[in-house]
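Engineer: Dropping the structure in here first, questions after.
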Amino acid sequence: MPPAPLVDTAKLDFTRVVADQAAIRVRNLQRFEMEQLTAIIHVDSENHLVIGYKDVTDDEFWVRGHMPGFPIMPGVVMCEVAAQIASYYSHNLAGPGRIIGFGGMEEIRFRGQVRPGDRLVMVAKASRLHPRQTIFDTQGFVGDQMVFHGRIIGLTLPFKPEGLE
């Protein structure tokens, strides 16, 4: 049995974009094929809730091989979408010379397919926000169907990009 939805997806306003891809890039370092968020549509700092989405297209890196003739978004990519929305929300916790990286996941379940043409709506609610560790309960939806849920854990890592002093 899936958990109760964190939000009513029917009440989401997709016309009110809080952060587009350019704004997401300011907080999240992933680029090219690893950019998994299209937009952030809701940030509630009081309740530590963030909602965004990934518009899944025919030219995703995984479409050709997973599965030929019937492309289905790999579960690990759904986990990455969840981690990126959690990272977006908690970007400023780590401090200078550090980032919040992917530390783990728990209780992950896949309950439906995500295919090209779908909009995967990802909801994340922080249950722990600390400079050393973050924990988010996450849920993914296509329409009103929950297709993914689980807990995403972030941990603080040293960060010094190559070529930068």
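In the structure tokens, chains take the letters A, B, ... in the order shown, each chain's residues start at 1, and ligands count up from 1 in the order shown.
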Counting only C-alpha atoms, which residues in region 70-162 of chain A sit no more than 12 Å from region 23-31 of chain A? For each one, give the nearest pair of atoms and the distance in Å, sorted by chain then residue number, as a Markdown table.
Structural biologist:
| residue | atom | partner | partner_atom | distance |
| --- | --- | --- | --- | --- |
| A:Glu80 | CA | A:Gln30 | CA | 10.4 |
| A:Val81 | CA | A:Gln30 | CA | 11.0 |
| A:Ala83 | CA | A:Asn28 | CA | 10.4 |
| A:Gln84 | CA | A:Asn28 | CA | 7.2 |
| A:Ile85 | CA | A:Asn28 | CA | 8.9 |
| A:Ala86 | CA | A:Asn28 | CA | 10.0 |
| A:Ser87 | CA | A:Asn28 | CA | 6.8 |
| A:Tyr88 | CA | A:Arg27 | CA | 5.8 |
| A:Tyr89 | CA | A:Arg27 | CA | 8.6 |
| A:Ser90 | CA | A:Arg27 | CA | 9.0 |
| A:His91 | CA | A:Arg27 | CA | 6.0 |
| A:Asn92 | CA | A:Arg27 | CA | 8.3 |
| A:Leu93 | CA | A:Arg27 | CA | 11.5 |
| A:Ala94 | CA | A:Arg27 | CA | 11.9 |
| A:Ile99 | CA | A:Leu29 | CA | 9.6 |
| A:Ile100 | CA | A:Asn28 | CA | 9.9 |
| A:Gly101 | CA | A:Asn28 | CA | 10.4 |
| A:Phe159 | CA | A:Leu29 | CA | 11.1 |
| A:Pro161 | CA | A:Leu29 | CA | 10.4 |
Engineer: Emit the selected residues as a short mmCIF file (atom, residue, chain, number, x, y, z; two decimals), in the first residue's frame, including C-alpha atoms.
Structural biologist:
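Result saved to again_21.cif:
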data_model
loop_
_atom_site.label_atom_id
_atom_site.label_comp_id
_atom_site.auth_asym_id
_atom_site.auth_seq_id
_atom_site.Cartn_x
_atom_site.Cartn_y
_atom_site.Cartn_z
CA GLU A 80 18.04 10.84 -9.27
CA VAL A 81 15.08 13.17 -9.91
CA ALA A 83 17.74 13.47 -5.13
CA GLN A 84 18.00 16.56 -7.35
CA ILE A 85 14.83 18.14 -5.98
CA ALA A 86 16.06 17.48 -2.42
CA SER A 87 19.42 19.00 -3.38
CA TYR A 88 17.68 22.05 -4.83
CA TYR A 89 15.90 22.66 -1.52
CA SER A 90 18.90 22.05 0.76
CA HIS A 91 21.63 23.63 -1.40
CA ASN A 92 22.76 26.23 1.15
CA LEU A 93 23.18 23.94 4.18
CA ALA A 94 26.65 22.58 3.41
CA ILE A 99 28.06 20.30 -1.16
CA ILE A 100 25.18 18.07 -0.14
CA GLY A 101 25.71 14.83 -2.08
CA PHE A 159 33.80 20.12 -3.00
CA PRO A 161 35.88 21.41 -8.84
#
Engineer: Counting only C-alpha atoms, which residues in region 102-123 of chain A sit no more than 9 Å from region 52-63 of chain A? For each one, give the nearest pair of atoms and the distance in Å, sorted by chain then residue number, as CSV.
Structural biologist:
residue,atom,partner,partner_atom,distance
A:Val114,CA,A:Val56,CA,8.0
A:Arg115,CA,A:Val56,CA,6.8
A:Pro116,CA,A:Thr57,CA,4.8
A:Gly117,CA,A:Val56,CA,5.5
A:Asp118,CA,A:Val56,CA,5.5
A:Arg119,CA,A:Asp55,CA,4.5
A:Leu120,CA,A:Lys54,CA,5.2
A:Val121,CA,A:Tyr53,CA,4.3
A:Met122,CA,A:Gly52,CA,5.4
A:Val123,CA,A:Gly52,CA,6.7
Engineer: May I have all residues of region 44-157 of chain A that DSSP, computed from the backbone, assigns to alpha helix (DSSP H), given as a ChimeraX atom specification?
Structural biologist: /A:75-90
Engineer: Using the selection just defined, write its residues with N, CA and C atoms as a short mmCIF file (atom, residue, chain, number, x, y, z; two decimals), in the first residue's frame.
Structural biologist:
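Final file, selection-v4.cif:
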data_model
loop_
_atom_site.label_atom_id
_atom_site.label_comp_id
_atom_site.auth_asym_id
_atom_site.auth_seq_id
_atom_site.Cartn_x
_atom_site.Cartn_y
_atom_site.Cartn_z
N GLY A 75 14.23 3.08 -12.88
CA GLY A 75 13.99 3.47 -11.50
C GLY A 75 15.10 4.30 -10.92
N VAL A 76 16.34 3.99 -11.29
CA VAL A 76 17.47 4.75 -10.77
C VAL A 76 17.41 6.21 -11.23
N VAL A 77 16.83 6.47 -12.39
CA VAL A 77 16.67 7.84 -12.86
C VAL A 77 15.59 8.55 -12.04
N MET A 78 14.53 7.83 -11.68
CA MET A 78 13.52 8.42 -10.79
C MET A 78 14.15 8.79 -9.45
N CYS A 79 15.04 7.93 -8.95
CA CYS A 79 15.75 8.23 -7.70
C CYS A 79 16.60 9.49 -7.87
N GLU A 80 17.22 9.65 -9.02
CA GLU A 80 18.04 10.84 -9.27
C GLU A 80 17.18 12.10 -9.32
N VAL A 81 15.99 12.02 -9.91
CA VAL A 81 15.08 13.17 -9.91
C VAL A 81 14.76 13.56 -8.47
N ALA A 82 14.46 12.56 -7.64
CA ALA A 82 14.15 12.82 -6.23
C ALA A 82 15.35 13.44 -5.52
N ALA A 83 16.54 12.92 -5.77
CA ALA A 83 17.74 13.47 -5.13
C ALA A 83 18.00 14.90 -5.58
N GLN A 84 17.75 15.20 -6.85
CA GLN A 84 18.00 16.56 -7.35
C GLN A 84 17.01 17.57 -6.78
N ILE A 85 15.77 17.18 -6.56
CA ILE A 85 14.83 18.14 -5.98
C ILE A 85 15.17 18.36 -4.50
N ALA A 86 15.61 17.32 -3.81
CA ALA A 86 16.06 17.48 -2.42
C ALA A 86 17.31 18.37 -2.37
N SER A 87 18.21 18.18 -3.30
CA SER A 87 19.42 19.00 -3.38
C SER A 87 19.07 20.46 -3.65
N TYR A 88 18.11 20.69 -4.53
CA TYR A 88 17.68 22.05 -4.83
C TYR A 88 17.24 22.75 -3.54
N TYR A 89 16.43 22.06 -2.74
CA TYR A 89 15.90 22.66 -1.52
C TYR A 89 16.99 22.90 -0.47
N SER A 90 17.92 21.98 -0.34
CA SER A 90 18.90 22.05 0.76
C SER A 90 20.26 22.58 0.33
#
Engineer: Point out the residue among A:Val50, A:Gly104, A:Pro5, A:Ser45 with the least atom-to-atom distance to Ala19 (chain A), counting only C-alpha atoms.
Structural biologist: A:Val50
Engineer: If DSSP is run on the backbone, what residues of chain A are strand (DSSP E or B)? A reply as a PyMOL selection string would be ideal.
Structural biologist: chain A and resi 19+39-44+49-55+98-110+119-129+133-142+145-158
Engineer: Here is a test: counting only C-alpha atoms, which residue of A:Met146, A:Leu49, A:Ala126, A:Val18 is nearest to Arg109 (chain A)?
Structural biologist: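 So, comparing all the options, the nearest one is A:Met146.
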Engineer: Report as an NGL selection string all protein, DNA and RNA residues lying within 9 Å of Leu6 (chain A), evaluated on only C-alpha atoms, omitting residues in the same chain fewer than 6 positions from it.
Structural biologist: :A and (49 or 123-125 or 137-139)
Engineer: Take the selection from the previous step and output its residues with N, CA and C atoms, as a compact mmCIF listing (two decimals), in the first residue's frame.
Structural biologist:
# COMPACT_ATOMS: atom_id res chain seq x y z
N LEU A 49 8.85 21.80 2.23
CA LEU A 49 8.25 21.06 1.12
C LEU A 49 8.65 21.73 -0.19
N VAL A 123 7.66 15.38 -5.46
CA VAL A 123 7.38 16.10 -4.22
C VAL A 123 8.39 15.62 -3.18
N ALA A 124 8.98 16.57 -2.46
CA ALA A 124 9.94 16.20 -1.41
C ALA A 124 9.65 17.02 -0.16
N LYS A 125 9.60 16.34 0.97
CA LYS A 125 9.38 16.98 2.26
C LYS A 125 10.50 16.57 3.20
N ASP A 137 11.43 12.75 2.53
CA ASP A 137 10.43 11.80 2.04
C ASP A 137 10.02 12.32 0.67
N THR A 138 10.07 11.46 -0.33
CA THR A 138 9.80 11.88 -1.70
C THR A 138 8.70 11.01 -2.32
N GLN A 139 7.96 11.63 -3.22
CA GLN A 139 6.92 10.93 -3.96
C GLN A 139 6.91 11.46 -5.39
Engineer: Leaving out Thr9 (chain A) and any residue of its chain fewer than 3 positions from it, which residues lie within 8 Å of it when counting only C-alpha atoms, given as a list in words?
Structural biologist: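 Residues meeting the cut-off are Leu12, Phe141, Gly143 and Asp144 of chain A.
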Engineer: Only N, CA and C atoms, please: the residues just picked out, written as a JSON list (two decimals), in the first residue's frame.
Structural biologist:
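The result, written out as part.json:
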[["chain", "number", "residue", "atom", "x", "y", "z"],
["A", 12, "LEU", "N", -2.18, 21.40, -7.99],
["A", 12, "LEU", "CA", -0.91, 22.05, -8.31],
["A", 12, "LEU", "C", -1.07, 23.01, -9.48],
["A", 141, "PHE", "N", 4.76, 11.40, -9.15],
["A", 141, "PHE", "CA", 3.42, 11.19, -9.72],
["A", 141, "PHE", "C", 3.44, 11.40, -11.22],
["A", 143, "GLY", "N", 0.30, 12.24, -13.56],
["A", 143, "GLY", "CA", -1.11, 12.54, -13.34],
["A", 143, "GLY", "C", -1.40, 12.41, -11.85],
["A", 144, "ASP", "N", -2.42, 11.66, -11.51],
["A", 144, "ASP", "CA", -2.74, 11.47, -10.10],
["A", 144, "ASP", "C", -2.22, 10.14, -9.55]]
Engineer: I'd like the contact shell of Ile153 (chain A) - 6 Å cut-off, only C-alpha atoms, skipping same-chain residues fewer than 5 positions apart - returned as a ChimeraX atom specification.
Structural biologist: /A:103-105,134-135
Engineer: Please dump the current selection as a PDB file, in the first residue's frame; keep C-alpha atoms.
Structural biologist:
ATOM      1  CA  GLY A 103      24.135   9.704   0.645  1.00  0.00           C
ATOM      2  CA  GLY A 104      21.591   6.941   0.241  1.00  0.00           C
ATOM      3  CA  MET A 105      17.999   5.926  -0.104  1.00  0.00           C
ATOM      4  CA  THR A 134      19.453  15.737   5.121  1.00  0.00           C
ATOM      5  CA  ILE A 135      16.533  13.336   4.872  1.00  0.00           C
TER       6      ILE A 135
END
Engineer: Excluding Arg111 (chain A) and any residue of its chain fewer than 5 positions from it, enumerate the residues within 9 Å of it, using only C-alpha atoms, and give them as a ChimeraX atom specification.
Structural biologist: /A:2,145-149
Engineer: Can you work out which one of A:Leu157, A:Ile51, A:Leu37, A:Ala10 has the shortest atom-to-atom distance to Arg98 (chain A), counting only C-alpha atoms?
Structural biologist: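 Closest to Arg98 (chain A) of all the choices is A:Leu157.
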Engineer: Under the rule that only C-alpha atoms are counted, which of A:Thr38, A:Gln113, A:Ser127, A:Thr156 is the nearest residue to Pro74 (chain A)?
Structural biologist: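 That would be A:Gln113, the residue with the smallest distance to Pro74 (chain A).
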Engineer: What's the separation between CA of Met34 (chain A) and CA of Glu162 (chain A), in Å to one decimal place?
Structural biologist: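 CA of Glu162 (chain A) lies 18.4 Å from CA of Met34 (chain A).
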